[in-house]
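Asks: The following file, final-v3.pdb, comprises PDB, C-alpha atoms:
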```pdb
MODEL        1
ATOM      1  CA  MET I 514     -11.566  37.551 -37.319
ATOM      2  CA  SER I 515     -14.737  38.301 -39.266
ATOM      3  CA  SER I 516     -15.777  41.116 -41.592
ATOM      4  CA  ILE I 517     -18.904  42.411 -43.343
ATOM      5  CA  SER I 518     -19.563  44.813 -46.218
ATOM      6  CA  THR I 519     -21.705  45.199 -49.342
ATOM      7  CA  ASN I 520     -20.750  44.846 -52.987
ATOM      8  CA  SER I 521     -21.730  47.191 -55.843
ATOM      9  CA  ALA I 522     -25.043  45.301 -56.302
ATOM     10  CA  GLY I 523     -26.004  45.898 -52.665
ATOM     11  CA  GLN I 524     -25.467  42.282 -51.612
ATOM     12  CA  LEU I 525     -24.155  41.548 -48.134
ATOM     13  CA  GLN I 526     -20.674  40.035 -48.182
ATOM     14  CA  GLY I 527     -19.201  38.468 -45.075
ATOM     15  CA  GLN I 528     -16.169  36.421 -44.178
ATOM     16  CA  ALA I 529     -15.335  34.385 -41.078
ATOM     17  CA  TYR I 530     -11.819  33.078 -40.477
ATOM     18  CA  GLY I 531     -10.293  30.527 -38.111
ATOM     19  CA  ASN I 532      -7.363  28.156 -37.768
ATOM     20  CA  CYS I 533      -6.231  25.052 -35.876
ATOM     21  CA  GLU I 534      -2.662  23.874 -35.310
ATOM     22  CA  THR I 535      -3.619  20.203 -35.683
ATOM     23  CA  PRO I 536      -6.433  18.582 -37.666
ATOM     24  CA  SER I 537      -9.199  18.039 -35.145
ATOM     25  CA  GLY I 538     -12.374  17.451 -37.118
ATOM     26  CA  GLN I 539     -13.549  20.990 -36.378
ATOM     27  CA  VAL I 540     -15.925  22.790 -38.739
ATOM     28  CA  LEU I 541     -16.000  26.591 -38.811
ATOM     29  CA  ALA I 542     -19.505  27.979 -39.279
ATOM     30  CA  GLY I 543     -20.217  31.540 -40.369
ATOM     31  CA  GLU I 544     -23.460  33.506 -40.296
ATOM     32  CA  ILE I 545     -24.537  36.932 -41.475
ATOM     33  CA  LYS I 546     -26.974  38.166 -38.850
ATOM     34  CA  GLN I 547     -29.262  41.176 -38.654
ATOM     35  CA  ASP I 548     -28.881  43.095 -35.390
ATOM     36  CA  LEU I 549     -32.403  43.808 -34.141
ATOM     37  CA  SER I 550     -31.324  44.653 -30.561
ATOM     38  CA  PHE I 551     -32.897  41.523 -29.120
ATOM     39  CA  ARG I 552     -31.842  37.888 -28.967
ATOM     40  CA  PRO I 553     -31.705  35.801 -30.994
ATOM     41  CA  ASP I 554     -30.787  37.933 -33.996
ATOM     42  CA  PRO I 555     -32.146  36.429 -37.236
ATOM     43  CA  VAL I 556     -29.692  34.676 -39.563
ATOM     44  CA  VAL I 557     -29.685  36.079 -43.111
ATOM     45  CA  THR I 558     -27.403  33.366 -44.540
ATOM     46  CA  SER I 559     -24.864  30.833 -43.302
ATOM     47  CA  GLY I 560     -22.096  28.515 -44.471
ATOM     48  CA  SER I 561     -19.271  26.333 -43.179
ATOM     49  CA  ASP I 562     -15.720  25.129 -43.893
ATOM     50  CA  PRO I 563     -14.333  21.776 -42.641
ATOM     51  CA  GLY I 564     -10.713  22.993 -42.625
ATOM     52  CA  PRO I 565      -8.605  21.132 -41.481
ATOM     53  CA  TYR I 566      -5.979  23.814 -40.633
ATOM     54  CA  THR I 567      -7.116  27.118 -42.122
ATOM     55  CA  PHE I 568     -10.817  27.902 -42.263
ATOM     56  CA  VAL I 569     -12.514  30.538 -44.424
ATOM     57  CA  VAL I 570     -16.282  30.917 -44.742
ATOM     58  CA  ALA I 571     -17.347  33.382 -47.460
ATOM     59  CA  LEU I 572     -20.983  34.476 -47.456
ATOM     60  CA  GLN I 573     -23.051  36.571 -49.865
ATOM     61  CA  SER I 574     -26.771  37.352 -49.786
ATOM     62  CA  CYS I 575     -29.567  39.864 -50.192
ATOM     63  CA  ASP I 576     -32.045  40.408 -47.355
ATOM     64  CA  ALA I 577     -35.500  40.936 -48.912
ATOM     65  CA  GLY I 578     -34.661  44.603 -49.450
ATOM     66  CA  PRO I 579     -33.922  47.186 -50.323
ATOM     67  CA  ARG I 580     -33.529  48.012 -46.654
ATOM     68  CA  THR I 581     -31.101  49.725 -44.334
ATOM     69  CA  SER I 582     -30.299  47.803 -41.188
ATOM     70  CA  THR I 583     -27.420  46.756 -38.956
ATOM     71  CA  TYR I 584     -25.617  43.514 -39.811
ATOM     72  CA  TYR I 585     -22.651  41.530 -38.548
ATOM     73  CA  VAL I 586     -20.855  38.231 -39.179
ATOM     74  CA  ARG I 587     -20.540  35.585 -36.465
ATOM     75  CA  GLY I 588     -17.900  32.854 -36.753
ATOM     76  CA  PHE I 589     -17.793  29.820 -34.473
ATOM     77  CA  PHE I 590     -16.620  26.227 -34.416
ATOM     78  CA  ASN I 591     -19.525  23.756 -34.371
ATOM     79  CA  GLY I 592     -20.100  22.250 -30.953
ATOM     80  CA  HIS I 593     -18.474  25.162 -29.087
ATOM     81  CA  THR I 594     -20.088  28.074 -27.272
ATOM     82  CA  ASP I 595     -17.307  30.581 -28.072
ATOM     83  CA  TYR I 596     -17.784  32.815 -31.099
ATOM     84  CA  ALA I 597     -16.252  35.871 -32.760
ATOM     85  CA  ASP I 598     -18.375  38.685 -34.162
ATOM     86  CA  SER I 599     -17.342  41.268 -36.714
ATOM     87  CA  GLY I 600     -18.098  44.887 -36.042
ATOM     88  CA  HIS I 601     -21.772  45.774 -36.424
ATOM     89  CA  ARG I 602     -22.325  47.924 -39.516
ATOM     90  CA  THR I 603     -25.362  49.785 -40.785
ATOM     91  CA  LEU I 604     -25.686  48.876 -44.459
ATOM     92  CA  THR I 605     -28.209  49.392 -47.257
ATOM     93  CA  VAL I 606     -28.782  46.029 -48.927
ATOM     94  CA  CYS I 607     -30.878  44.444 -51.674
TER      95      CYS I 607
ENDMDL
END
```
Would you mind giving the structure from this file in structure tokens?
Replies:
Amino acid sequence: MSSISTNSAGQLQGQAYGNCETPSGQVLAGEIKQDLSFRPDPVVTSGSDPGPYTFVVALQSCDAGPRTSTYYVRGFFNGHTDYADSGHRTLTVC
């Protein structure tokens, strides 16, 4: 599950979550992306968490604003093609 919002300063805040039942050397990566209706969407900021059982990636960034655009968070385990996106939200950011 992933989520995105802004804080009172207009910074993007995103979280990506994941879990594994056994330690497997997985690393959860999270990205805040700007939805420009074409692929690939540009990455605003990214981070990662090596786990091993519960993974949380917390992200915070401005985006050369102020601007209003659509953003989302993508979470995925490195080396895998599966991913989970948050809902796409139109936000005004710094």
Asks: Exactly which residues make up the result of the PyMOL selection byres ((chain I and resi 584) around 9) on this file, given as a list of chain:residue names?
Replies: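 So the PyMOL selection byres ((chain I and resi 584) around 9) ends up selecting I:Ile517, I:Ser518, I:Leu525, I:Ile545, I:Lys546, I:Gln547, I:Asp548, I:Leu549, I:Ser582, I:Thr583, I:Tyr585, I:Val586, I:Gly600, I:His601, I:Arg602, I:Thr603, I:Leu604.
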Asks: Please report, as lines of an AutoDock Vina configuration file, the centre and edge lengths in Å to one decimal of an axis-aligned box covering all listed atoms of region 555-563 of chain I with 4 Å per side.
Replies:
```
center_x = -23.2
center_y = 29.1
center_z = -40.9
size_x = 25.8
size_y = 22.7
size_z = 15.3
```
Asks: Decode the PyMOL selection byres ((chain I and resi 591) around 12) for the given file into explicit residues and return them as a list in words.
Replies: Ser537, Gly538, Gln539, Val540, Leu541, Ala542, Gly543, Gly560, Ser561, Asp562, Pro563, Gly588, Phe589, Phe590, Gly592, His593, Thr594, Asp595 and Tyr596 of chain I
Asks: For a test of reading the model, state the distance in Å between CA of Cys607 (chain I) and CA of Phe551 (chain I), rounded to one decimal.
Replies: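 Calculated distance between CA of Cys607 (chain I) and CA of Phe551 (chain I) is 22.8 Å.
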Asks: Of the residues I:Thr535, I:Gln528, I:Thr519, I:Ser599, which is the one nearest to Asp576 (chain I), using all atoms listed in the file?
Replies: I:Thr519
Asks: Using all atoms listed in the file, collect all residues at a distance of at most 12 Å from (-31.4, 39.2, -54.2) as written in the file, then present them as a list in words.
Replies: Ala522, Gly523, Gln524, Leu525, Val557, Thr558, Gln573, Ser574, Cys575, Asp576, Ala577, Gly578, Pro579, Arg580, Val606 and Cys607 of chain I
Asks: Every residue with an atom at most 6 Å from (-13.5, 32.2, -39.0) (file coordinates; only C-alpha atoms) is what I'm after, so could you write them as JSON, numbers by chain?
Replies: {"I": [514, 529, 530, 531, 569, 588]}
Asks: As an exercise, work out the distance from CA of Pro555 (chain I) to CA of Asn532 (chain I) in Å and give it to one decimal place.
Replies: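 Between CA of Pro555 (chain I) and CA of Asn532 (chain I) the gap is 26.1 Å.
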Asks: Which is closer to Ser516 (chain I) than all the others in I:Arg552, I:Ala597, I:Thr567, I:Thr605, using all atoms listed in the file?
Replies: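 Comparing I:Arg552, I:Ala597, I:Thr567, I:Thr605 against Ser516 (chain I), the winner is I:Ala597.
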Asks: CA of Pro553 (chain I) to CA of Thr581 (chain I): how many Å, to one decimal?
Replies: 19.3 Å
Asks: Here is a test: counting only C-alpha atoms, which residue of I:Ser559, I:Glu544, I:Gly564, I:Leu572 is nearest to Gln526 (chain I)?
Replies: I:Leu572
